[in-house]
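A.B. asks: Contents are mmCIF, C-alpha atoms and all ligand atoms; file name my_file21.cif:
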data_coords
#
loop_
_atom_site.label_atom_id
_atom_site.label_comp_id
_atom_site.auth_asym_id
_atom_site.auth_seq_id
_atom_site.Cartn_x
_atom_site.Cartn_y
_atom_site.Cartn_z
CA MET A 1 -10.06 -3.83 -24.71
CA SER A 2 -6.51 -4.14 -23.30
CA ALA A 3 -5.79 -5.29 -19.75
CA ALA A 4 -4.67 -1.74 -18.91
CA GLN A 5 -8.03 -0.40 -20.12
CA LEU A 6 -9.81 -3.08 -18.08
CA ALA A 7 -7.89 -1.92 -15.01
CA GLY A 8 -8.88 1.72 -15.58
CA GLU A 9 -6.79 4.61 -14.34
CA ASN A 10 -6.84 7.11 -11.53
CA ASP A 11 -8.31 10.59 -11.75
CA LEU A 12 -5.33 12.95 -11.55
CA ARG A 13 -7.64 15.92 -10.95
CA ARG A 14 -8.03 14.73 -7.36
CA ALA A 15 -4.33 15.33 -6.63
CA VAL A 16 -2.96 18.49 -5.06
CA ASP A 17 0.61 19.56 -4.40
CA GLU A 18 0.43 20.77 -0.81
CA VAL A 19 3.07 22.22 1.46
CA ALA A 20 2.72 20.04 4.54
CA ARG A 21 4.31 20.32 7.97
CA PHE A 22 5.86 17.49 9.92
CA THR A 23 3.94 17.09 13.15
CA SER A 24 5.28 13.88 14.72
CA GLY A 25 7.17 10.68 14.20
CA ARG A 26 7.56 7.56 16.23
CA ALA A 27 9.65 4.43 16.04
CA LEU A 28 7.64 1.24 15.59
CA GLY A 29 10.51 -1.22 15.29
CA PRO A 30 14.10 -1.41 14.06
CA ASP A 31 14.22 1.07 11.15
CA LEU A 32 10.39 1.24 11.15
CA TYR A 33 8.61 4.52 11.75
CA GLU A 34 5.28 6.27 11.51
CA VAL A 35 5.61 9.81 10.18
CA THR A 36 2.68 12.21 10.49
CA LEU A 37 2.27 15.39 8.46
CA GLU A 38 -0.26 18.16 8.59
CA ALA A 39 -1.60 18.27 5.02
CA ARG A 40 -5.19 19.43 5.30
CA GLU A 41 -6.23 19.17 1.66
CA VAL A 42 -4.56 15.81 1.05
CA ALA A 43 -6.08 14.43 4.29
CA LEU A 44 -9.55 15.29 2.99
CA ARG A 45 -8.93 13.51 -0.31
CA ALA A 46 -6.86 10.45 0.63
CA ARG A 47 -8.49 7.05 0.20
CA PRO A 48 -7.18 3.63 1.27
CA GLY A 49 -4.58 2.21 -1.11
CA GLU A 50 -3.72 5.54 -2.69
CA PHE A 51 -0.29 7.07 -2.22
CA ALA A 52 1.51 10.38 -2.07
CA GLN A 53 4.78 11.51 -3.58
CA LEU A 54 6.82 13.24 -0.87
CA LEU A 55 9.51 15.78 -1.72
CA VAL A 56 11.72 15.03 1.22
CA SER A 57 14.12 17.94 0.93
CA PRO A 58 14.43 21.36 -0.72
CA ASP A 59 17.98 20.34 -1.80
CA PRO A 60 18.57 19.22 -5.40
CA VAL A 61 19.50 15.77 -4.08
CA PRO A 62 17.56 13.60 -3.70
CA LEU A 63 15.83 14.98 -6.77
CA LEU A 64 12.90 12.61 -7.11
CA ARG A 65 9.95 12.51 -4.79
CA ARG A 66 9.44 9.24 -2.92
CA PRO A 67 6.12 7.32 -3.03
CA PHE A 68 4.40 6.19 0.19
CA SER A 69 0.96 4.70 0.80
CA PHE A 70 -1.37 6.54 3.13
CA SER A 71 -1.36 4.60 6.37
CA ARG A 72 -3.80 6.93 8.09
CA ALA A 73 -5.73 9.99 7.06
CA ASP A 74 -7.62 12.10 9.54
CA PRO A 75 -9.64 14.77 7.74
CA GLY A 76 -10.73 16.28 11.08
CA ALA A 77 -7.17 16.79 12.30
CA GLY A 78 -5.93 17.53 8.78
CA THR A 79 -3.16 14.93 9.04
CA VAL A 80 -1.85 12.01 7.02
CA SER A 81 0.53 9.35 8.31
CA PHE A 82 2.95 7.02 6.59
CA TYR A 83 4.43 3.74 7.87
CA LEU A 84 7.91 3.41 6.49
CA ARG A 85 11.19 1.63 6.66
CA ALA A 86 14.24 3.89 6.69
CA PHE A 87 17.09 2.63 4.56
CA GLY A 88 17.96 5.17 1.86
CA GLU A 89 18.54 8.90 1.62
CA GLY A 90 14.87 9.86 1.23
CA THR A 91 13.48 7.81 4.09
CA ARG A 92 16.37 8.81 6.37
CA ARG A 93 15.54 12.46 5.74
CA LEU A 94 11.88 11.85 6.49
CA ILE A 95 12.55 10.33 9.88
CA ALA A 96 15.00 13.14 10.74
CA LEU A 97 12.35 15.86 10.29
CA THR A 98 11.53 18.04 13.27
CA PRO A 99 8.08 19.48 14.11
CA GLY A 100 7.12 22.35 11.82
CA GLN A 101 9.51 21.46 9.00
CA GLU A 102 7.98 21.58 5.53
CA VAL A 103 7.50 18.66 3.15
CA ARG A 104 5.73 18.93 -0.19
CA VAL A 105 3.05 16.26 -0.58
CA LEU A 106 1.66 15.45 -4.02
CA GLY A 107 -1.47 13.32 -3.79
CA PRO A 108 -3.62 11.43 -3.61
CA LEU A 109 -2.19 9.42 -6.50
CA GLY A 110 -2.91 6.00 -7.94
CA ARG A 111 -5.95 3.77 -7.70
CA GLY A 112 -6.91 2.63 -4.22
CA PHE A 113 -8.90 -0.31 -2.85
CA THR A 114 -12.53 -0.79 -3.84
CA LEU A 115 -14.90 -0.33 -0.92
CA SER A 116 -18.23 -2.09 -1.48
CA SER A 117 -21.31 -0.81 0.21
CA PRO A 118 -22.10 -2.48 2.54
CA PRO A 119 -18.54 -3.82 2.87
CA GLY A 120 -19.41 -7.28 4.30
CA ARG A 121 -16.60 -9.34 5.78
CA SER A 122 -13.13 -8.44 4.49
CA LEU A 123 -9.83 -10.23 4.93
CA LEU A 124 -6.71 -8.06 4.97
CA VAL A 125 -3.46 -9.92 4.27
CA SER A 126 -0.19 -8.10 4.87
CA GLY A 127 3.45 -9.08 4.72
CA GLY A 128 6.01 -6.88 6.50
CA LEU A 129 5.78 -3.29 5.28
CA GLY A 130 2.72 -4.33 3.31
CA ALA A 131 0.76 -3.44 6.45
CA ALA A 132 1.24 0.23 5.51
CA PRO A 133 -2.10 0.93 3.75
CA PHE A 134 -4.23 -1.25 6.04
CA PRO A 135 -4.87 0.95 9.11
CA LEU A 136 -6.66 3.40 6.81
CA LEU A 137 -8.41 0.63 4.89
CA ALA A 138 -9.55 -1.08 8.12
CA ASP A 139 -10.74 2.25 9.50
CA ARG A 140 -12.87 2.98 6.42
CA LEU A 141 -14.26 -0.58 6.21
CA LEU A 142 -15.23 -0.51 9.89
CA SER A 143 -16.79 2.93 9.71
CA GLY A 144 -18.85 1.68 6.74
CA GLY A 145 -20.26 -1.11 8.92
CA GLY A 146 -17.95 -3.86 7.64
CA GLU A 147 -16.31 -6.71 9.48
CA VAL A 148 -12.51 -6.93 9.27
CA VAL A 149 -10.18 -9.89 9.75
CA TRP A 150 -6.47 -9.04 9.50
CA LEU A 151 -3.85 -11.66 8.73
CA ASN A 152 -0.60 -9.87 9.52
CA GLY A 153 2.71 -11.54 8.75
CA ALA A 154 6.40 -10.69 8.93
CA ALA A 155 9.76 -12.41 9.09
CA THR A 156 10.08 -11.76 12.84
CA SER A 157 8.20 -10.05 15.66
CA SER A 158 10.07 -6.73 15.47
CA GLN A 159 8.93 -6.36 11.84
CA LEU A 160 5.23 -6.94 12.58
CA TYR A 161 2.95 -3.93 12.42
CA PRO A 162 2.25 -3.30 16.15
CA PRO A 163 -1.19 -4.63 17.14
CA GLU A 164 -1.76 -1.68 19.50
CA MET A 165 -1.72 0.62 16.45
CA LEU A 166 -4.69 -1.12 14.79
CA PRO A 167 -8.05 0.64 14.62
CA GLN A 168 -10.58 -0.39 17.26
CA GLY A 169 -13.23 -2.88 16.19
CA ILE A 170 -11.25 -5.43 14.16
CA SER A 171 -13.01 -8.81 14.57
CA GLU A 172 -9.95 -10.99 14.39
CA LEU A 173 -6.21 -10.37 14.22
CA VAL A 174 -4.09 -13.34 13.20
CA GLN A 175 -0.36 -12.75 13.51
CA VAL A 176 2.23 -14.96 11.90
CA THR A 177 6.03 -14.79 11.86
CA GLU A 178 8.41 -16.92 9.88
CA ASP A 179 10.60 -17.57 12.94
CA GLY A 180 7.66 -18.08 15.32
CA SER A 181 8.74 -15.17 17.57
CA GLN A 182 5.16 -13.81 17.69
CA GLY A 183 1.84 -15.39 16.79
CA ARG A 184 1.86 -18.56 14.70
CA ARG A 185 5.03 -19.78 13.01
CA GLY A 186 4.95 -19.75 9.23
CA ARG A 187 3.77 -17.52 6.42
CA VAL A 188 0.46 -15.80 5.74
CA THR A 189 -0.22 -18.31 2.97
CA ASP A 190 -0.13 -21.16 5.54
CA LEU A 191 -3.10 -19.63 7.36
CA LEU A 192 -5.01 -17.92 4.55
CA PRO A 193 -7.19 -20.84 3.34
CA ALA A 194 -8.71 -21.34 6.82
CA LEU A 195 -9.73 -17.66 6.96
CA LEU A 196 -11.54 -17.39 3.62
CA GLY A 197 -14.95 -18.65 4.87
CA GLY A 198 -17.66 -15.97 4.65
CA VAL A 199 -15.24 -13.40 3.23
CA SER A 200 -16.54 -11.25 0.38
CA ARG A 201 -13.28 -9.52 -0.45
CA VAL A 202 -9.58 -10.10 0.21
CA TYR A 203 -7.11 -7.21 0.18
CA ALA A 204 -3.40 -8.01 0.08
CA CYS A 205 -0.21 -5.96 0.25
CA GLY A 206 3.36 -7.16 0.58
CA PRO A 207 6.23 -8.50 -1.50
CA ASN A 208 5.21 -9.47 -5.01
CA ALA A 209 6.08 -13.14 -4.37
CA MET A 210 3.64 -13.16 -1.44
CA LEU A 211 0.95 -11.49 -3.55
CA ALA A 212 1.39 -14.10 -6.29
CA ALA A 213 0.99 -16.90 -3.74
CA VAL A 214 -2.12 -15.26 -2.26
CA ALA A 215 -3.54 -14.85 -5.78
CA ALA A 216 -2.95 -18.54 -6.50
CA GLN A 217 -4.79 -19.51 -3.28
CA THR A 218 -7.85 -17.37 -3.97
CA ALA A 219 -8.07 -18.08 -7.70
CA ALA A 220 -11.10 -20.41 -7.75
CA PRO A 221 -12.85 -18.99 -10.83
CA GLY A 222 -16.19 -17.40 -10.11
CA THR A 223 -16.48 -18.85 -6.61
CA GLY A 224 -13.82 -17.37 -4.34
CA PRO A 225 -13.81 -13.87 -2.90
CA ARG A 226 -12.53 -11.08 -5.08
CA LEU A 227 -8.86 -10.29 -4.42
CA GLU A 228 -7.33 -6.84 -4.72
CA VAL A 229 -3.56 -6.49 -4.45
CA SER A 230 -1.38 -3.45 -3.94
CA VAL A 231 1.72 -4.00 -6.05
CA GLU A 232 4.91 -1.99 -6.02
CA ALA A 233 7.18 -0.87 -8.83
CA PRO A 234 10.01 1.66 -9.02
CA MET A 235 8.47 5.10 -9.48
CA GLY A 236 9.80 8.36 -10.80
CA CYS A 237 6.96 10.83 -11.32
CA GLY A 238 3.96 9.00 -9.82
CA PHE A 239 1.51 10.38 -12.38
CA GLY A 240 2.11 8.67 -15.70
CA THR A 241 4.76 10.67 -17.53
CA CYS A 242 8.14 8.95 -16.93
CA LEU A 243 6.89 5.41 -17.80
CA GLY A 244 9.26 4.07 -15.16
CA CYS A 245 6.69 2.00 -13.28
CA ALA A 246 5.54 -0.39 -16.01
CA ILE A 247 3.96 -3.62 -14.78
CA PRO A 248 2.80 -6.63 -16.86
CA LEU A 249 -0.96 -7.06 -17.06
CA ARG A 250 -3.17 -9.68 -18.70
CA ASP A 251 -6.79 -10.01 -19.72
CA PRO A 252 -8.15 -12.98 -17.72
CA ALA A 253 -10.75 -13.61 -20.45
CA ARG A 254 -7.94 -14.05 -23.01
CA PRO A 255 -5.25 -16.13 -21.26
CA ASP A 256 -3.41 -16.79 -24.55
CA ALA A 257 -3.15 -13.12 -25.54
CA SER A 258 0.22 -11.38 -25.18
CA PRO A 259 0.61 -9.48 -21.90
CA THR A 260 0.37 -5.73 -22.04
CA LEU A 261 2.07 -3.15 -19.88
CA GLY A 262 0.24 -0.91 -17.46
CA LEU A 263 1.57 1.84 -15.23
CA CYS A 264 1.64 1.05 -11.54
CA CYS A 265 1.05 4.73 -10.73
CA ARG A 266 -2.07 5.05 -12.94
CA GLN A 267 -3.65 1.57 -13.26
CA GLY A 268 -2.36 0.62 -9.78
CA PRO A 269 -0.95 0.33 -7.27
CA VAL A 270 -4.16 -1.52 -6.35
CA LEU A 271 -5.31 -3.99 -8.97
CA ASP A 272 -7.80 -6.79 -9.35
CA ALA A 273 -5.43 -9.77 -8.93
CA ARG A 274 -6.82 -11.43 -12.08
CA LEU A 275 -5.36 -8.63 -14.21
CA VAL A 276 -1.77 -9.13 -13.06
CA ASP A 277 0.62 -11.27 -15.09
CA TRP A 278 2.15 -12.88 -12.00
CA PRO A 279 5.07 -14.81 -13.55
CA ARG A 280 6.30 -11.69 -15.34
CA LEU A 281 5.74 -9.39 -12.35
CA GLN A 282 7.85 -11.67 -10.18
CA GLY A 283 10.68 -11.24 -12.65
CA GLN A 284 10.77 -7.55 -11.72
CA PRO A 285 12.54 -6.20 -8.60
CA ALA A 286 10.52 -6.47 -5.38
CA HIS A 287 10.97 -3.56 -3.01
CA LEU A 288 8.82 -4.32 0.00
CA GLU A 289 10.92 -7.26 1.17
C1 LIG B 301 3.05 3.03 -4.60
C2 LIG B 301 4.16 2.83 -3.60
C3 LIG B 301 3.87 2.88 -2.25
C4 LIG B 301 4.88 2.71 -1.32
N1 LIG B 301 4.55 2.75 0.00
C5 LIG B 301 5.50 2.59 0.92
C6 LIG B 301 5.18 2.64 2.31
O1 LIG B 301 4.02 2.84 2.69
N2 LIG B 301 6.19 2.50 3.20
C7 LIG B 301 7.49 2.29 2.80
O2 LIG B 301 8.38 2.17 3.64
N3 LIG B 301 7.82 2.24 1.50
C8 LIG B 301 6.87 2.39 0.56
N4 LIG B 301 7.20 2.35 -0.75
C9 LIG B 301 8.62 2.21 -1.11
C10 LIG B 301 9.29 3.56 -0.93
O3 LIG B 301 8.85 4.43 -1.93
C11 LIG B 301 10.80 3.41 -0.98
O4 LIG B 301 11.18 2.69 0.16
C12 LIG B 301 11.47 4.76 -0.94
O5 LIG B 301 11.24 5.42 -2.16
C13 LIG B 301 12.95 4.60 -0.71
O6 LIG B 301 13.52 5.89 -0.75
P1 LIG B 301 14.95 6.15 -0.14
O7 LIG B 301 15.38 7.48 -0.66
O8 LIG B 301 14.95 5.96 1.32
O9 LIG B 301 15.83 4.99 -0.73
P2 LIG B 301 16.71 5.11 -2.03
O10 LIG B 301 17.98 5.79 -1.66
O11 LIG B 301 15.89 5.62 -3.13
O12 LIG B 301 16.98 3.61 -2.29
C14 LIG B 301 17.92 2.85 -1.55
C15 LIG B 301 18.15 1.60 -2.37
O13 LIG B 301 16.96 0.81 -2.47
C16 LIG B 301 16.52 0.73 -3.84
N5 LIG B 301 15.07 1.07 -3.83
C17 LIG B 301 14.37 1.48 -2.77
N6 LIG B 301 13.09 1.67 -3.05
C18 LIG B 301 12.95 1.43 -4.34
C19 LIG B 301 11.86 1.51 -5.22
N7 LIG B 301 10.61 1.80 -4.83
N8 LIG B 301 12.12 1.25 -6.48
C20 LIG B 301 13.35 0.93 -6.88
N9 LIG B 301 14.42 0.82 -6.10
C21 LIG B 301 14.23 1.08 -4.84
C22 LIG B 301 17.30 1.76 -4.57
O14 LIG B 301 17.62 1.27 -5.87
C23 LIG B 301 18.58 1.88 -3.78
O15 LIG B 301 19.50 0.93 -4.11
C24 LIG B 301 6.22 2.50 -1.73
C25 LIG B 301 6.53 2.45 -3.07
C26 LIG B 301 5.51 2.60 -4.00
C27 LIG B 301 5.84 2.54 -5.46
S1 LIG B 302 6.00 6.65 -11.96
FE1 LIG B 302 6.24 7.82 -13.76
S2 LIG B 302 4.87 6.83 -15.10
FE2 LIG B 302 4.51 5.82 -13.24
#
Take the structure I supplied and represent it as structure tokens, if you would.
C.D. replies:
Amino acid sequence: MSAAQLAGENDLRRAVDEVARFTSGRALGPDLYEVTLEAREVALRARPGEFAQLLVSPDPVPLLRRPFSFSRADPGAGTVSFYLRAFGEGTRRLIALTPGQEVRVLGPLGRGFTLSSPPGRSLLVSGGLGAAPFPLLADRLLSGGGEVVWLNGAATSSQLYPPEMLPQGISELVQVTEDGSQGRRGRVTDLLPALLGGVSRVYACGPNAMLAAVAAQTAAPGTGPRLEVSVEAPMGCGFGTCLGCAIPLRDPARPDASPTLGLCCRQGPVLDARLVDWPRLQGQPAHLE
């Protein structure tokens, strides 16, 4: 079996292409925003770690939809929210939307985080924009009776996901900034080892270099908690046809075998960290930095 087969792939039959309406947006930091859309069908289906492809404009340019992780999904209200950094044409158009404007939302796409039942104690590790999928993940872990510790890091305080936006009930929030402007000074990997006690699963999202370091710290074979990572790759279609999102995978049981390629949009974006060929992945462009 190849590493891509070991990873499995998402069920595309769960995705719908829904005409959503922008309901609200708010600034959460310099160039950082939360955008909320009314998308009733997608909100019912979205799971933590999955993403949607947003068609940001009816104009021919930008042509391609843009991928964003679900940051929140409220099936009761029929809304989904995205935490994003505005820097290019697509994200600038998203933050310029006004209430009632239409956006096509294709999703849910990709494979999300595994939620065990009961969830036990989980450690969420985020770097910068990597916080995006964790409000929804924390919400679902907590509502399943789990205990959540969140190690939230960023370069500086204005890039930290705001603590007041976190779901109620998180046991412990540890904040860390590289310049020491909020929380502890340093990187998430400086604090991670001390937080692993009693943890059954670690979930990580952030720049690929951070994910590789987290994977190295939790790699004790057979003894450490299972680590799931949400990796990022350039995406065109989001559903397996353009082959633009190839990522290098490996079979941990056959370390000498040649790496194989998987598709981030079908086998990922969430993967068991043992299946990722970290040295090769780090050779690819990182987009969440
Ligand atoms: C599965 C997945 C989930 C994501 N979730 C989030 C999220 O929750 N929040 C968030 O802010 N971002 C997220 N991203 C990244 C997001 O899709 C990009 O920031 C967005 O597509 C940029 O669009 P743009 O039109 O604003 O920028 P563009 O105009 O497309 O890009 C501006 C510049 O940045 C480069 N660039 C930007 N993003 C990418 C990319 N993904 N691949 C290759 N080059 C890129 C472009 O080459 C260009 O030079 C996610 C990406 C993936 C694959
Ligand atoms: S984005 Fe097209 S195949 Fe993955």
A.B. asks: Could you write out as JSON the box around range 173-183 of chain A (axis-aligned, all atoms listed in the file, 3 Å on each side), with centre and edge lengths in Å to one decimal?
C.D. replies:
{"center_x": 2.2, "center_y": -14.2, "center_z": 13.8, "size_x": 22.8, "size_y": 13.7, "size_z": 13.8}
A.B. asks: With the cut-off set at 6 Å and counting all atoms listed in the file, tabulate each residue of range 138-165 of chain A with an atom at most that distance from an atom of range 107-125 of chain A, showing the nearest atom pair and its distance in Å to one decimal, ordered by chain and increasing number, as a tab-separated table.
C.D. replies:
residue	atom	partner	partner_atom	distance
A:Gly146	CA	A:Pro119	CA	4.8
A:Glu147	CA	A:Arg121	CA	4.5
A:Val148	CA	A:Ser122	CA	5.1
A:Val149	CA	A:Leu123	CA	4.8
A:Trp150	CA	A:Leu124	CA	4.6
A:Leu151	CA	A:Val125	CA	4.8
A:Asn152	CA	A:Val125	CA	6.0
A.B. asks: Taking only residues of chain A that have an atom at most 8 Å from an atom of ligand LIG 302 (chain B), what is each one's shortest atom pair and its distance in Å to one decimal, using all atoms listed in the file, in chain and number order, as CSV?
C.D. replies:
residue,atom,partner,partner_atom,distance
A:Pro234,CA,B:LIG302,S1,7.0
A:Met235,CA,B:LIG302,S1,3.8
A:Gly236,CA,B:LIG302,S1,4.3
A:Cys237,CA,B:LIG302,FE1,3.9
A:Gly238,CA,B:LIG302,S1,3.8
A:Phe239,CA,B:LIG302,FE2,5.5
A:Gly240,CA,B:LIG302,S2,3.4
A:Thr241,CA,B:LIG302,S2,4.5
A:Cys242,CA,B:LIG302,FE1,3.9
A:Leu243,CA,B:LIG302,S2,3.7
A:Gly244,CA,B:LIG302,FE1,5.0
A:Cys245,CA,B:LIG302,FE2,4.4
A:Ala246,CA,B:LIG302,FE2,6.9
A:Leu263,CA,B:LIG302,FE2,5.3
A:Cys264,CA,B:LIG302,FE2,5.8
A:Cys265,CA,B:LIG302,FE2,4.4
A:Arg266,CA,B:LIG302,FE2,6.6
A.B. asks: At what distance in Å, to one decimal, does CA of Ala233 in chain A lie from CA of Arg66 in chain A?
C.D. replies: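 CA of Arg66 in chain A sits 11.9 Å away from CA of Ala233 in chain A.
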A.B. asks: Need to verify the contact set: Thr177 in chain A, 9 Å, all atoms listed in the file, exclusion of same-chain residues closer than 4 positions in sequence. Can you return it as a PDB file with C-alpha atoms, in the coordinates of the input?
C.D. replies:
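part-v2.pdb was written with the following content:
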ATOM      1  CA  ASN A 152      -0.600  -9.870   9.520  1.00  0.00           C
ATOM      2  CA  GLY A 153       2.710 -11.540   8.750  1.00  0.00           C
ATOM      3  CA  ALA A 154       6.400 -10.690   8.930  1.00  0.00           C
ATOM      4  CA  ALA A 155       9.760 -12.410   9.090  1.00  0.00           C
ATOM      5  CA  THR A 156      10.080 -11.760  12.840  1.00  0.00           C
ATOM      6  CA  SER A 157       8.200 -10.050  15.660  1.00  0.00           C
ATOM      7  CA  GLN A 159       8.930  -6.360  11.840  1.00  0.00           C
ATOM      8  CA  LEU A 160       5.230  -6.940  12.580  1.00  0.00           C
ATOM      9  CA  SER A 181       8.740 -15.170  17.570  1.00  0.00           C
ATOM     10  CA  GLN A 182       5.160 -13.810  17.690  1.00  0.00           C
ATOM     11  CA  GLY A 183       1.840 -15.390  16.790  1.00  0.00           C
ATOM     12  CA  ARG A 184       1.860 -18.560  14.700  1.00  0.00           C
ATOM     13  CA  ARG A 185       5.030 -19.780  13.010  1.00  0.00           C
ATOM     14  CA  GLY A 186       4.950 -19.750   9.230  1.00  0.00           C
ATOM     15  CA  ARG A 187       3.770 -17.520   6.420  1.00  0.00           C
ATOM     16  CA  VAL A 188       0.460 -15.800   5.740  1.00  0.00           C
TER      17      VAL A 188
END
A.B. asks: Would you mind listing the residues within 7 Å of ligand LIG 301 (chain B), counting only C-alpha atoms and all ligand atoms, as a list in words?
C.D. replies: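 The neighbouring residues of ligand LIG 301 (chain B) are, in order, Phe51, Arg66, Pro67, Phe68, Ser69, Phe70, Ser71, Phe82, Tyr83, Leu84, Arg85, Ala86, Phe87, Gly88, Glu89, Gly90, Thr91, Arg92, Leu129, Ala132, Pro133, Glu232, Ala233, Pro234, Met235, Cys265, Pro269, His287 and Leu288 of chain A.
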A.B. asks: Nearest to Ser126 in chain A: which of A:Met165, A:Ala204, A:Ile247, A:Leu142 is it, counting only C-alpha atoms?
C.D. replies: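 Closest to Ser126 in chain A of all the choices is A:Ala204.
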A.B. asks: Which is closest to Val42 in chain A among A:Gly224, A:Pro193, A:Gly262, A:Pro75, if we use only C-alpha atoms?
C.D. replies: A:Pro75
A.B. asks: Taking only C-alpha atoms into account, name the residue in A:Ser158, A:Val276, A:Gln53, A:Arg226 that is nearest to Leu211 in chain A.
C.D. replies: A:Val276
A.B. asks: At what distance in Å, to one decimal, does CA of Leu63 in chain A lie from CA of Glu41 in chain A?
C.D. replies: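 Between these atoms lies a distance of 24.0 Å.
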A.B. asks: Interatomic distance between CA of Ala215 in chain A and CA of Met1 in chain A?
C.D. replies: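 Distance between the two atoms: 22.9 Å.
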A.B. asks: Just the residues within 6 Å of Leu54 in chain A, please, counting only C-alpha atoms, with nothing from its chain fewer than 5 positions along; format it as an mmCIF file with C-alpha atoms, in the frame of the given file.
C.D. replies:
data_model
loop_
_atom_site.group_PDB
_atom_site.id
_atom_site.type_symbol
_atom_site.label_atom_id
_atom_site.label_comp_id
_atom_site.auth_asym_id
_atom_site.auth_seq_id
_atom_site.Cartn_x
_atom_site.Cartn_y
_atom_site.Cartn_z
ATOM 1 C CA ARG A 65 9.950 12.510 -4.790
ATOM 2 C CA ARG A 66 9.440 9.240 -2.920
ATOM 3 C CA ARG A 104 5.730 18.930 -0.190
ATOM 4 C CA VAL A 105 3.050 16.260 -0.580
#
A.B. asks: For the point (0.5, -4.0, -1.3) in file coordinates, what residues are within 6 Å, counting only C-alpha atoms? Give the answer as a short mmCIF file (atom, residue, chain, number, x, y, z; two decimals) with C-alpha atoms, keeping the file's coordinate frame?
C.D. replies:
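Result file result.cif:
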data_model
loop_
_atom_site.label_atom_id
_atom_site.label_comp_id
_atom_site.auth_asym_id
_atom_site.auth_seq_id
_atom_site.Cartn_x
_atom_site.Cartn_y
_atom_site.Cartn_z
CA GLY A 130 2.72 -4.33 3.31
CA ALA A 204 -3.40 -8.01 0.08
CA CYS A 205 -0.21 -5.96 0.25
CA GLY A 206 3.36 -7.16 0.58
CA VAL A 229 -3.56 -6.49 -4.45
CA SER A 230 -1.38 -3.45 -3.94
CA VAL A 231 1.72 -4.00 -6.05
#
